[in-house]
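Q: Input structure: protein17.csv, which contains CSV, C-alpha atoms.
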```csv
chain,number,residue,atom,x,y,z
A,183,CYS,CA,0.0,0.0,0.0
A,184,ALA,CA,1.3,3.5,-0.9
A,185,THR,CA,2.7,5.5,2.0
A,186,PRO,CA,0.5,8.6,2.2
A,187,PRO,CA,2.3,12.0,2.0
A,188,PRO,CA,2.4,13.8,5.4
A,189,PRO,CA,-0.1,16.7,5.9
A,190,PRO,CA,1.5,20.2,5.9
A,191,PRO,CA,3.7,20.8,8.9
A,192,GLU,CA,1.4,23.2,10.7
A,193,ALA,CA,-1.5,20.7,10.5
A,194,ALA,CA,0.6,17.8,11.5
A,195,GLY,CA,1.3,19.1,15.0
A,196,ARG,CA,-1.8,18.4,17.0
A,197,ARG,CA,-2.6,14.8,17.6
A,198,TRP,CA,-5.2,12.8,19.7
A,199,SER,CA,-5.6,9.1,20.3
A,200,GLY,CA,-8.5,7.4,22.0
A,201,ARG,CA,-11.6,5.3,21.4
A,202,LEU,CA,-14.9,6.0,19.8
A,203,ALA,CA,-18.3,4.4,19.8
A,204,LEU,CA,-20.7,5.6,17.1
A,205,THR,CA,-24.3,4.4,16.7
A,206,VAL,CA,-26.6,5.5,13.9
A,207,HIS,CA,-30.1,4.6,14.8
A,208,SER,CA,-31.1,3.9,11.2
A,209,ASP,CA,-33.0,0.7,10.3
A,210,PRO,CA,-31.0,-1.4,10.6
A,211,PRO,CA,-28.8,0.5,13.1
A,212,GLN,CA,-25.1,1.0,12.1
A,213,ARG,CA,-22.5,0.8,14.9
A,214,ALA,CA,-18.7,1.3,15.1
A,215,ASN,CA,-16.3,0.8,17.9
A,216,ALA,CA,-12.8,1.7,17.2
A,217,LEU,CA,-9.5,3.0,18.5
A,218,PHE,CA,-8.6,6.3,16.7
A,219,GLU,CA,-5.5,8.3,16.0
A,220,LEU,CA,-6.3,11.8,14.8
A,221,ARG,CA,-3.9,14.5,13.7
A,222,GLY,CA,-4.1,17.9,12.1
A,223,ASP,CA,-7.0,20.3,12.0
A,224,PRO,CA,-10.3,20.8,10.1
A,225,GLN,CA,-8.4,22.1,7.0
A,226,ALA,CA,-5.9,19.2,6.7
A,227,GLY,CA,-5.3,16.1,8.7
A,228,GLU,CA,-5.6,12.3,9.0
A,229,LEU,CA,-7.6,9.8,11.0
A,230,LEU,CA,-6.5,6.1,11.5
A,231,LEU,CA,-9.3,3.8,12.8
A,232,SER,CA,-8.3,0.4,14.3
A,233,SER,CA,-10.3,-2.5,15.8
A,234,PRO,CA,-10.3,-3.0,19.5
A,235,LEU,CA,-7.8,-5.9,18.8
A,236,GLY,CA,-5.4,-3.6,17.0
A,237,GLN,CA,-6.0,-4.2,13.4
A,238,ALA,CA,-6.3,-1.1,11.1
A,239,LEU,CA,-9.9,-0.7,9.7
A,240,ALA,CA,-9.6,2.5,7.8
A,241,HIS,CA,-7.2,5.4,7.1
A,242,VAL,CA,-8.7,8.7,6.2
A,243,GLY,CA,-7.1,12.0,5.1
A,244,TRP,CA,-8.4,15.4,4.0
A,245,ASP,CA,-7.1,18.8,2.8
A,246,ALA,CA,-8.4,21.8,0.8
A,247,GLY,CA,-8.7,19.6,-2.3
A,248,GLY,CA,-11.0,17.0,-0.7
A,249,ALA,CA,-10.8,13.8,1.3
A,250,TRP,CA,-9.7,10.2,0.8
A,251,LEU,CA,-10.4,6.8,2.4
A,252,GLN,CA,-8.1,3.8,2.3
A,253,ARG,CA,-9.4,0.4,3.5
A,254,PRO,CA,-7.2,-2.7,4.0
A,255,GLY,CA,-6.5,-4.4,0.7
A,256,ALA,CA,-8.4,-1.8,-1.3
A,257,ALA,CA,-7.6,1.2,-3.6
A,258,ARG,CA,-7.8,4.7,-2.1
A,259,GLU,CA,-11.3,6.2,-2.6
A,260,PRO,CA,-11.5,9.9,-3.2
A,261,TYR,CA,-14.4,12.0,-1.8
A,262,PRO,CA,-15.4,15.6,-2.3
A,263,ASP,CA,-15.1,16.3,1.5
A,264,MET,CA,-15.2,14.8,4.9
A,265,ALA,CA,-18.9,15.2,5.4
A,266,VAL,CA,-19.6,12.9,2.4
A,267,LEU,CA,-16.8,10.5,3.4
A,268,THR,CA,-17.9,10.1,7.1
A,269,GLU,CA,-21.6,9.7,5.9
A,270,THR,CA,-20.4,6.8,3.6
A,271,LEU,CA,-18.1,5.3,6.2
A,272,THR,CA,-20.3,5.4,9.3
A,273,GLY,CA,-23.8,6.3,8.1
A,274,ALA,CA,-23.6,9.8,9.5
A,275,ALA,CA,-21.8,13.0,8.4
A,276,LEU,CA,-19.6,13.9,11.4
A,277,PRO,CA,-19.1,17.6,12.2
A,278,LEU,CA,-15.3,17.7,11.7
A,279,ALA,CA,-14.7,21.4,12.7
A,280,ALA,CA,-16.8,21.0,15.9
A,281,LEU,CA,-15.0,17.7,16.8
A,282,PHE,CA,-11.6,19.4,16.7
A,283,ASP,CA,-13.0,22.2,19.0
A,284,TRP,CA,-14.6,19.7,21.4
A,285,LEU,CA,-11.3,17.7,21.6
A,286,GLN,CA,-9.7,21.0,22.7
A,287,GLY,CA,-12.4,21.8,25.2
A,288,ARG,CA,-14.2,24.5,23.3
A,289,PRO,CA,-18.0,24.3,23.6
A,290,THR,CA,-18.7,24.9,19.9
A,291,GLU,CA,-22.3,24.4,18.7
A,292,ALA,CA,-22.8,22.1,15.7
A,293,PRO,CA,-26.2,22.2,13.9
A,294,GLY,CA,-28.4,19.3,15.1
A,295,TRP,CA,-25.9,18.1,17.7
A,296,ALA,CA,-26.2,18.3,21.5
A,297,ARG,CA,-23.3,17.7,23.9
A,298,ILE,CA,-24.7,15.5,26.7
A,299,HIS,CA,-21.4,15.2,28.5
A,300,HIS,CA,-18.2,17.1,27.5
A,301,ASP,CA,-15.0,17.2,29.7
A,302,ALA,CA,-11.8,17.7,27.8
A,303,ALA,CA,-9.8,17.6,31.0
A,304,THR,CA,-10.6,13.9,31.4
A,305,GLY,CA,-11.1,13.3,27.7
A,306,ARG,CA,-14.7,12.4,27.6
A,307,LEU,CA,-17.5,13.4,25.2
A,308,HIS,CA,-21.0,12.1,24.7
A,309,ALA,CA,-22.9,13.9,21.9
A,310,GLN,CA,-26.1,13.2,20.0
A,311,ARG,CA,-27.4,14.4,16.7
A,312,THR,CA,-31.1,14.8,16.9
A,313,ALA,CA,-31.6,16.5,13.5
A,314,PRO,CA,-31.8,15.4,10.8
A,315,THR,CA,-32.9,11.9,11.7
A,316,PRO,CA,-31.9,9.2,12.3
A,317,LEU,CA,-30.6,9.8,15.8
A,318,VAL,CA,-26.8,9.5,16.0
A,319,ASP,CA,-25.0,8.8,19.3
A,320,LEU,CA,-21.3,9.5,19.5
A,321,ARG,CA,-19.0,8.7,22.5
A,322,LEU,CA,-15.4,9.6,22.6
A,323,THR,CA,-12.6,9.1,25.1
A,324,TRP,CA,-9.2,10.5,24.4
A,325,THR,CA,-5.8,11.5,25.6
A,326,PRO,CA,-3.9,14.3,23.8
A,327,SER,CA,-0.7,12.8,22.5
A,328,PRO,CA,2.6,14.4,23.8
B,173,PHE,CA,9.7,-33.2,13.3
B,174,THR,CA,12.3,-30.9,14.8
B,175,GLY,CA,13.7,-27.5,13.8
B,176,ALA,CA,16.5,-25.5,15.2
B,177,ARG,CA,17.9,-26.3,18.7
B,178,GLY,CA,16.1,-29.7,18.7
B,179,GLN,CA,12.8,-27.8,19.2
B,180,ALA,CA,9.7,-29.1,17.4
B,181,THR,CA,8.8,-27.2,14.3
B,182,GLY,CA,6.4,-24.4,14.5
B,183,LEU,CA,3.8,-26.3,12.6
B,184,ALA,CA,4.1,-29.3,14.9
B,185,GLN,CA,3.7,-27.1,18.0
B,186,PHE,CA,0.8,-25.3,16.5
B,187,GLU,CA,-1.0,-28.6,15.7
B,188,ALA,CA,-0.3,-29.9,19.2
B,189,PHE,CA,-1.6,-26.6,20.7
B,190,VAL,CA,-4.8,-26.6,18.7
B,191,VAL,CA,-5.6,-30.3,19.4
B,192,ASN,CA,-4.3,-30.8,22.9
B,193,VAL,CA,-4.5,-27.4,24.8
B,194,ARG,CA,-8.2,-27.1,25.6
B,195,GLN,CA,-7.8,-24.0,27.7
B,196,GLY,CA,-5.3,-21.4,28.7
B,197,GLN,CA,-4.7,-18.1,30.6
B,198,ALA,CA,-1.7,-15.8,30.3
B,199,THR,CA,-0.8,-12.1,30.6
B,200,PHE,CA,0.2,-10.3,27.4
B,201,THR,CA,1.9,-7.2,26.2
B,202,GLN,CA,0.7,-5.8,22.8
B,203,THR,CA,2.8,-3.4,20.8
B,204,VAL,CA,0.9,-1.7,17.8
B,205,THR,CA,3.1,0.1,15.3
B,206,ALA,CA,1.1,2.5,13.1
B,207,PRO,CA,1.6,2.4,9.3
B,208,PRO,CA,5.0,4.0,8.5
B,209,ARG,CA,4.9,7.6,7.4
B,210,GLN,CA,7.4,9.4,5.2
B,211,GLY,CA,10.3,10.9,7.2
B,212,GLU,CA,8.6,10.3,10.6
B,213,PRO,CA,9.5,8.1,13.5
B,214,ALA,CA,7.4,5.0,14.0
B,215,ARG,CA,4.3,5.6,16.2
B,216,VAL,CA,4.0,2.8,18.7
B,217,ARG,CA,1.2,2.1,21.3
B,218,THR,CA,1.8,-0.5,24.0
B,219,SER,CA,-1.0,-2.1,26.0
B,220,ARG,CA,-1.1,-4.9,28.6
B,221,GLY,CA,-3.7,-7.3,29.8
B,222,GLU,CA,-4.8,-10.9,30.1
B,223,PHE,CA,-6.0,-13.4,27.5
B,224,SER,CA,-7.8,-16.6,28.3
B,225,PHE,CA,-9.7,-19.2,26.2
B,226,LEU,CA,-11.7,-22.3,26.5
B,227,ARG,CA,-12.2,-24.4,23.4
B,228,PRO,CA,-14.1,-24.6,21.2
B,229,ASP,CA,-15.6,-21.1,21.3
B,230,ARG,CA,-14.9,-19.0,24.3
B,231,PHE,CA,-12.2,-16.4,25.0
B,232,ARG,CA,-11.6,-13.3,27.1
B,233,LEU,CA,-9.3,-10.5,26.3
B,234,HIS,CA,-9.0,-8.0,29.1
B,235,TYR,CA,-6.9,-4.9,28.4
B,236,THR,CA,-5.9,-3.3,31.7
B,237,GLN,CA,-3.3,-0.7,30.5
B,238,PRO,CA,-3.2,2.1,29.4
B,239,PHE,CA,-6.9,1.9,29.6
B,240,GLU,CA,-9.4,-0.8,30.5
B,241,GLN,CA,-11.4,-2.6,27.8
B,242,LEU,CA,-12.9,-6.1,28.0
B,243,ILE,CA,-13.7,-8.3,25.1
B,244,VAL,CA,-15.6,-11.6,25.9
B,245,ALA,CA,-16.7,-14.3,23.5
B,246,ASP,CA,-19.1,-16.5,25.4
B,247,GLY,CA,-19.9,-18.9,22.6
B,248,GLN,CA,-22.8,-17.0,21.1
B,249,THR,CA,-22.2,-13.3,21.7
B,250,LEU,CA,-19.1,-11.2,21.4
B,251,TRP,CA,-19.2,-8.5,24.1
B,252,LEU,CA,-17.1,-5.3,24.1
B,253,TRP,CA,-17.2,-3.4,27.4
B,254,ASP,CA,-15.5,0.0,27.5
B,255,PRO,CA,-15.8,1.6,31.0
B,256,ASP,CA,-14.6,5.1,29.8
B,257,LEU,CA,-17.3,5.1,27.1
B,258,ASN,CA,-19.7,3.5,29.6
B,259,GLN,CA,-21.0,1.3,26.8
B,260,VAL,CA,-21.3,-2.4,26.1
B,261,SER,CA,-21.5,-3.5,22.5
B,262,ALA,CA,-22.9,-7.0,21.8
B,263,ARG,CA,-22.5,-8.7,18.4
B,264,ALA,CA,-23.2,-12.2,17.1
B,265,GLN,CA,-19.9,-14.0,17.8
B,266,ALA,CA,-19.7,-16.0,14.6
B,267,GLN,CA,-19.7,-13.0,12.2
B,268,ALA,CA,-17.7,-10.7,14.4
B,269,LEU,CA,-14.9,-13.2,14.9
B,270,ALA,CA,-14.6,-15.0,11.6
B,271,ASN,CA,-10.9,-15.4,10.6
B,272,THR,CA,-9.6,-13.1,13.3
B,273,PRO,CA,-6.3,-13.9,15.2
B,274,ALA,CA,-8.3,-14.5,18.4
B,275,ALA,CA,-10.5,-17.1,16.7
B,276,LEU,CA,-7.5,-18.7,15.1
B,277,LEU,CA,-5.9,-19.4,18.5
B,278,ALA,CA,-9.0,-20.1,20.6
B,279,SER,CA,-11.5,-21.8,18.3
B,280,ALA,CA,-9.7,-23.8,15.5
B,281,ALA,CA,-10.5,-27.5,15.8
B,282,ASP,CA,-7.4,-28.6,14.0
B,283,LEU,CA,-5.0,-27.4,11.4
B,284,ARG,CA,-7.0,-28.9,8.6
B,285,ALA,CA,-9.8,-26.5,9.5
B,286,VAL,CA,-7.3,-23.6,9.7
B,287,ARG,CA,-5.9,-24.5,6.2
B,288,GLN,CA,-9.3,-24.0,4.7
B,289,VAL,CA,-9.0,-20.3,5.4
B,290,PHE,CA,-5.2,-19.7,5.7
B,291,THR,CA,-2.0,-20.9,4.0
B,292,LEU,CA,0.4,-22.2,6.7
B,293,SER,CA,4.1,-22.5,6.3
B,294,GLU,CA,7.1,-23.1,8.5
B,295,GLY,CA,8.9,-19.8,9.3
B,296,GLU,CA,12.5,-19.2,9.9
B,297,PRO,CA,13.5,-19.7,13.6
B,298,ARG,CA,14.3,-16.4,15.3
B,299,ASP,CA,14.4,-15.0,18.8
B,300,GLY,CA,14.7,-18.5,20.1
B,301,LEU,CA,11.2,-19.3,18.7
B,302,ALA,CA,9.9,-21.6,16.1
B,303,TRP,CA,7.5,-19.8,13.8
B,304,VAL,CA,4.4,-20.5,11.7
B,305,GLU,CA,3.7,-18.1,8.8
B,306,VAL,CA,-0.1,-17.7,8.4
B,307,THR,CA,-1.5,-16.0,5.2
B,308,PRO,CA,-5.2,-15.5,4.6
B,309,LYS,CA,-6.4,-17.1,1.4
B,310,SER,CA,-8.9,-14.3,0.9
B,311,ARG,CA,-7.4,-11.0,-0.1
B,312,GLU,CA,-10.3,-8.8,1.2
B,313,GLY,CA,-9.9,-9.2,4.9
B,314,GLN,CA,-8.1,-6.8,7.2
B,315,ILE,CA,-5.1,-9.0,7.6
B,316,GLN,CA,-2.1,-9.3,5.2
B,317,ARG,CA,-0.3,-12.0,7.2
B,318,MET,CA,0.4,-13.3,10.7
B,319,ALA,CA,3.3,-15.2,12.4
B,320,ILE,CA,2.8,-17.3,15.5
B,321,GLY,CA,5.9,-18.0,17.6
B,322,TRP,CA,6.4,-21.1,19.8
B,323,ARG,CA,8.9,-22.3,22.4
B,324,ASP,CA,8.8,-25.8,23.7
B,325,GLY,CA,5.1,-26.2,23.0
B,326,ALA,CA,4.0,-22.9,24.5
B,327,LEU,CA,2.5,-20.0,22.5
B,328,VAL,CA,4.8,-17.1,23.0
B,329,ALA,CA,4.2,-14.6,20.1
B,330,LEU,CA,1.5,-13.5,17.7
B,331,ASP,CA,2.5,-10.9,15.1
B,332,VAL,CA,-0.1,-9.5,12.8
B,333,LEU,CA,0.5,-7.2,9.7
B,334,ASP,CA,-2.8,-5.8,8.5
B,335,GLY,CA,-3.9,-4.5,5.2
B,336,LEU,CA,-2.9,-0.9,5.9
B,337,GLY,CA,0.6,-1.7,7.1
B,338,GLN,CA,-0.1,-1.5,10.8
B,339,ARG,CA,1.7,-4.1,12.9
B,340,SER,CA,0.5,-5.7,16.1
B,341,GLU,CA,2.9,-7.8,18.1
B,342,LEU,CA,1.5,-9.8,21.1
B,343,ARG,CA,3.9,-11.5,23.6
B,344,PHE,CA,2.4,-13.9,26.1
B,345,GLY,CA,3.6,-14.7,29.5
B,346,PRO,CA,3.6,-18.2,31.1
B,347,TRP,CA,0.4,-20.1,30.4
B,348,ARG,CA,-1.9,-21.7,33.0
B,349,THR,CA,-3.8,-24.4,31.3
B,350,GLN,CA,-6.3,-25.7,33.8
B,351,GLY,CA,-9.0,-24.6,36.2
B,352,LEU,CA,-11.1,-22.5,33.7
B,353,THR,CA,-14.8,-23.2,33.3
B,354,ALA,CA,-17.5,-21.7,31.1
B,355,ALA,CA,-18.5,-19.4,34.0
B,356,ALA,CA,-15.2,-17.5,33.5
B,357,PHE,CA,-16.5,-16.5,30.0
B,358,ARG,CA,-19.9,-15.2,30.9
B,359,PHE,CA,-20.4,-11.4,30.7
B,360,GLN,CA,-23.0,-9.4,32.6
B,361,PRO,CA,-23.3,-5.7,31.5
B,362,PRO,CA,-22.6,-3.5,34.5
B,363,PRO,CA,-25.6,-1.5,35.9
B,364,GLY,CA,-25.9,1.9,34.3
B,365,ALA,CA,-24.0,1.1,31.1
B,366,GLU,CA,-25.6,1.6,27.7
B,367,VAL,CA,-26.0,-1.8,26.1
B,368,LEU,CA,-26.1,-2.1,22.3
B,369,ARG,CA,-27.5,-5.6,21.3
B,370,PRO,CA,-27.2,-7.3,18.0
```
Please rewrite the model in this file as structure tokens.

A:
Amino acid sequence: CATPPPPPPEAAGRRWSGRLALTVHSDPPQRANALFELRGDPQAGELLLSSPLGQALAHVGWDAGGAWLQRPGAAREPYPDMAVLTETLTGAALPLAALFDWLQGRPTEAPGWARIHHDAATGRLHAQRTAPTPLVDLRLTWTPSP
Amino acid sequence: FTGARGQATGLAQFEAFVVNVRQGQATFTQTVTAPPRQGEPARVRTSRGEFSFLRPDRFRLHYTQPFEQLIVADGQTLWLWDPDLNQVSARAQAQALANTPAALLASAADLRAVRQVFTLSEGEPRDGLAWVEVTPKSREGQIQRMAIGWRDGALVALDVLDGLGQRSELRFGPWRTQGLTAAAFRFQPPPGAEVLRP
């Protein structure tokens, strides 16, 4: 598999690792439990998702030109942006800009999303998207990497 | 059959393990090395815990460091409990585990069954271990290849290279191979946790 080019230096700096649980209450419901490694910012960055047992599930990247998704043993798939990519990957478009703010403790509002519990000091987030349907439940726990 | 240092070959030890070792419990250390990046040092995550299994279809993988996470296969259901997320995820075991490393170790009936899904070959002895190289026959799965390391009949190492170039290396401590019952592989969701059922 091709080694992806690094994001631009200023985006490469910030990095978070942790676990996520995402449930989209569609019919049938869609669920994901994964370890994640996130780096960069809403303009450019990367996300590596791994199974709880340590196998990589998906590698995602984005910049001003769009987004890409690489799955094990498959060609890289281009997407116009991260909203379309996350909708395809998980069943729900995730609010990337708000996520970066939430990870850094900023109480940013994201249309349709409510933060039920948010504590960046202990690295915990529980948020739900109530509009549009279906209901989406997102739980994150993380530790900022050194 | 014998390999280096008079030790049985990896394949012989793997066969004996699958057929004769009906249960086991050991601590483990897991090192996960993220896919390599141009001009950057390798990013490594280390975790610790305990792995136990009871053939034919039960196992328990309890991560204790750097965070707690419990994975239990009770024969029907695969449970994932994450205390920090306060959530239990339950899935049908058969689908969730098909062809995973855990299932390979804990559930294979014999090497003939394993060979239906994987190509097995004797690896080069290294680190004082005899090795078996394991390559999935299907190219779509998450795993590129695995290597299982043995010393004097004991399972010591499980290395997995996945389809995105991430490497997981498990090293097991001494094994206890008796005293486990099905009760040790039951899981009861803790009160107050959100439970997502299949």

Q: List as a list in words the protein and nucleic acid residues near Gln241 in chain B, meaning an atom at most 8 Å away when only C-alpha atoms are counted, but skip any in the same chain fewer than 4 places from it.

A: His234, Tyr235, Thr236, Leu252, Trp253, Asp254 and Pro255 of chain B

Q: Determine, using all atoms listed in the file, which residues of chain A have any atom at most 10 Å from an atom of chain B, and tabulate each with its shortest atom pair and distance in Å to one decimal place, rows ordered by chain and then rising number, as a Markdown table.

A:
```
| residue | atom | partner | partner_atom | distance |
| --- | --- | --- | --- | --- |
| A:Cys183 | CA | B:Leu336 | CA | 6.6 |
| A:Ala184 | CA | B:Leu336 | CA | 9.1 |
| A:Thr185 | CA | B:Arg209 | CA | 6.2 |
| A:Pro186 | CA | B:Arg209 | CA | 6.9 |
| A:Pro187 | CA | B:Gln210 | CA | 6.6 |
| A:Pro188 | CA | B:Gln210 | CA | 6.7 |
| A:Ser199 | CA | B:Arg217 | CA | 9.8 |
| A:Gly200 | CA | B:Phe239 | CA | 9.5 |
| A:Arg201 | CA | B:Leu257 | CA | 8.1 |
| A:Leu202 | CA | B:Leu257 | CA | 7.7 |
| A:Ala203 | CA | B:Leu257 | CA | 7.4 |
| A:Thr205 | CA | B:Leu368 | CA | 8.8 |
| A:Pro211 | CA | B:Pro370 | CA | 9.3 |
| A:Arg213 | CA | B:Leu368 | CA | 8.7 |
| A:Ala214 | CA | B:Ser261 | CA | 9.3 |
| A:Asn215 | CA | B:Ser261 | CA | 8.2 |
| A:Glu219 | CA | B:Ala206 | CA | 9.3 |
| A:Leu230 | CA | B:Ala206 | CA | 8.6 |
| A:Ser232 | CA | B:Gln338 | CA | 9.1 |
| A:Ser233 | CA | B:Gln314 | CA | 9.9 |
| A:Pro234 | CA | B:Gln241 | CA | 8.4 |
| A:Leu235 | CA | B:Ala274 | CA | 8.6 |
| A:Gly236 | CA | B:Ser340 | CA | 6.3 |
| A:Gln237 | CA | B:Asp334 | CA | 6.1 |
| A:Ala238 | CA | B:Leu336 | CA | 6.2 |
| A:Leu239 | CA | B:Gln314 | CA | 6.8 |
| A:Ala240 | CA | B:Leu336 | CA | 7.7 |
| A:His241 | CA | B:Leu336 | CA | 7.7 |
| A:Gln252 | CA | B:Leu336 | CA | 7.9 |
| A:Arg253 | CA | B:Leu336 | CA | 7.0 |
| A:Pro254 | CA | B:Gly335 | CA | 3.9 |
| A:Gly255 | CA | B:Gly335 | CA | 5.2 |
| A:Ala256 | CA | B:Glu312 | CA | 7.7 |
| A:Thr304 | CA | B:Asp256 | CA | 9.8 |
| A:Gly305 | CA | B:Asp256 | CA | 9.2 |
| A:Arg306 | CA | B:Asp256 | CA | 7.6 |
| A:Leu307 | CA | B:Leu257 | CA | 8.5 |
| A:His308 | CA | B:Leu257 | CA | 8.3 |
| A:Leu320 | CA | B:Leu257 | CA | 9.6 |
| A:Arg321 | CA | B:Leu257 | CA | 6.1 |
| A:Leu322 | CA | B:Leu257 | CA | 6.6 |
| A:Thr323 | CA | B:Asp256 | CA | 6.5 |
| A:Trp324 | CA | B:Asp256 | CA | 9.4 |
```

Q: Enter the distance from CA of Val318 in chain A to CA of Leu271 in chain A, in Å, rounded to one decimal.

A: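 Interatomic distance here is 13.8 Å.
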
Q: Could you tell me how far CA of Ala296 in chain A sits from CA of Ala313 in chain A, in Å to one decimal place?

A: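 Separation between CA of Ala313 in chain A and CA of Ala296 in chain A: 9.8 Å.
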
Q: Calculated over all atoms listed in the file, which of the candidates A:Leu220, A:Ala246, A:Ala280, A:Leu251 has the smallest distance to Val266 in chain A?

A: A:Leu251

Q: To one decimal in Å, tell me the separation between CA of Phe344 in chain B and CA of Asp282 in chain B.

A: 21.4 Å

Q: What would the list of residues within 9 Å of (-7.7, -17.6, 26.6) (file frame) look like as a ChimeraX atom specification, if only C-alpha atoms are what count?

A: /B:195-198,222-227,230-233,274,277-278

Q: Let me make sure I understand: among B:Val306, B:Ala188, B:Val193, B:Ala245, which one has the smallest atom-to-atom distance to Leu276 in chain B if we use all atoms listed in the file?

A: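 Counting all atoms listed in the file, the residue closest to Leu276 in chain B is B:Val306.
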
Q: Generate N, CA and C atoms for range 289-310 of chain A and emit them as a PDB file, in the coordinates of the input.

A:
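Done, and the output landed in result25.pdb:
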```pdb
ATOM      1  N   PRO A 289     -16.610  24.710  23.660  1.00  0.00           N
ATOM      2  CA  PRO A 289     -18.000  24.300  23.600  1.00  0.00           C
ATOM      3  C   PRO A 289     -18.725  24.690  22.335  1.00  0.00           C
ATOM      4  N   THR A 290     -18.124  24.450  21.207  1.00  0.00           N
ATOM      5  CA  THR A 290     -18.700  24.900  19.900  1.00  0.00           C
ATOM      6  C   THR A 290     -20.030  24.184  19.666  1.00  0.00           C
ATOM      7  N   GLU A 291     -20.974  24.943  19.111  1.00  0.00           N
ATOM      8  CA  GLU A 291     -22.300  24.400  18.700  1.00  0.00           C
ATOM      9  C   GLU A 291     -22.163  23.807  17.312  1.00  0.00           C
ATOM     10  N   ALA A 292     -22.741  22.653  17.077  1.00  0.00           N
ATOM     11  CA  ALA A 292     -22.800  22.100  15.700  1.00  0.00           C
ATOM     12  C   ALA A 292     -24.276  21.840  15.402  1.00  0.00           C
ATOM     13  N   PRO A 293     -24.757  22.311  14.266  1.00  0.00           N
ATOM     14  CA  PRO A 293     -26.200  22.200  13.900  1.00  0.00           C
ATOM     15  C   PRO A 293     -26.717  20.797  14.123  1.00  0.00           C
ATOM     16  N   GLY A 294     -27.761  20.649  14.930  1.00  0.00           N
ATOM     17  CA  GLY A 294     -28.400  19.300  15.100  1.00  0.00           C
ATOM     18  C   GLY A 294     -27.787  18.505  16.200  1.00  0.00           C
ATOM     19  N   TRP A 295     -26.612  18.914  16.710  1.00  0.00           N
ATOM     20  CA  TRP A 295     -25.900  18.100  17.700  1.00  0.00           C
ATOM     21  C   TRP A 295     -26.031  18.741  19.106  1.00  0.00           C
ATOM     22  N   ALA A 296     -26.181  17.870  20.103  1.00  0.00           N
ATOM     23  CA  ALA A 296     -26.200  18.300  21.500  1.00  0.00           C
ATOM     24  C   ALA A 296     -25.101  17.559  22.246  1.00  0.00           C
ATOM     25  N   ARG A 297     -24.346  18.312  23.102  1.00  0.00           N
ATOM     26  CA  ARG A 297     -23.300  17.700  23.900  1.00  0.00           C
ATOM     27  C   ARG A 297     -23.919  17.286  25.251  1.00  0.00           C
ATOM     28  N   ILE A 298     -24.085  15.993  25.462  1.00  0.00           N
ATOM     29  CA  ILE A 298     -24.700  15.500  26.700  1.00  0.00           C
ATOM     30  C   ILE A 298     -23.688  15.533  27.834  1.00  0.00           C
ATOM     31  N   HIS A 299     -22.456  15.169  27.508  1.00  0.00           N
ATOM     32  CA  HIS A 299     -21.400  15.200  28.500  1.00  0.00           C
ATOM     33  C   HIS A 299     -20.114  15.631  27.725  1.00  0.00           C
ATOM     34  N   HIS A 300     -19.378  16.604  28.254  1.00  0.00           N
ATOM     35  CA  HIS A 300     -18.200  17.100  27.500  1.00  0.00           C
ATOM     36  C   HIS A 300     -17.172  17.532  28.569  1.00  0.00           C
ATOM     37  N   ASP A 301     -16.086  16.789  28.710  1.00  0.00           N
ATOM     38  CA  ASP A 301     -15.000  17.200  29.700  1.00  0.00           C
ATOM     39  C   ASP A 301     -13.689  16.875  29.045  1.00  0.00           C
ATOM     40  N   ALA A 302     -13.085  17.887  28.455  1.00  0.00           N
ATOM     41  CA  ALA A 302     -11.800  17.700  27.800  1.00  0.00           C
ATOM     42  C   ALA A 302     -10.683  17.432  28.766  1.00  0.00           C
ATOM     43  N   ALA A 303     -10.869  17.827  30.036  1.00  0.00           N
ATOM     44  CA  ALA A 303      -9.800  17.600  31.000  1.00  0.00           C
ATOM     45  C   ALA A 303      -9.624  16.080  31.232  1.00  0.00           C
ATOM     46  N   THR A 304     -10.755  15.353  31.275  1.00  0.00           N
ATOM     47  CA  THR A 304     -10.600  13.900  31.400  1.00  0.00           C
ATOM     48  C   THR A 304     -10.763  13.168  30.105  1.00  0.00           C
ATOM     49  N   GLY A 305     -10.985  13.971  29.037  1.00  0.00           N
ATOM     50  CA  GLY A 305     -11.100  13.300  27.700  1.00  0.00           C
ATOM     51  C   GLY A 305     -12.316  12.513  27.536  1.00  0.00           C
ATOM     52  N   ARG A 306     -13.456  13.122  27.778  1.00  0.00           N
ATOM     53  CA  ARG A 306     -14.700  12.400  27.600  1.00  0.00           C
ATOM     54  C   ARG A 306     -15.717  13.289  26.848  1.00  0.00           C
ATOM     55  N   LEU A 307     -16.410  12.671  25.875  1.00  0.00           N
ATOM     56  CA  LEU A 307     -17.500  13.400  25.200  1.00  0.00           C
ATOM     57  C   LEU A 307     -18.606  12.392  24.882  1.00  0.00           C
ATOM     58  N   HIS A 308     -19.816  12.823  25.126  1.00  0.00           N
ATOM     59  CA  HIS A 308     -21.000  12.100  24.700  1.00  0.00           C
ATOM     60  C   HIS A 308     -21.895  13.103  24.001  1.00  0.00           C
ATOM     61  N   ALA A 309     -22.086  12.930  22.704  1.00  0.00           N
ATOM     62  CA  ALA A 309     -22.900  13.900  21.900  1.00  0.00           C
ATOM     63  C   ALA A 309     -23.917  13.108  21.111  1.00  0.00           C
ATOM     64  N   GLN A 310     -25.039  13.786  20.819  1.00  0.00           N
ATOM     65  CA  GLN A 310     -26.100  13.200  20.000  1.00  0.00           C
ATOM     66  C   GLN A 310     -26.514  14.150  18.923  1.00  0.00           C
TER      67      GLN A 310
END
```
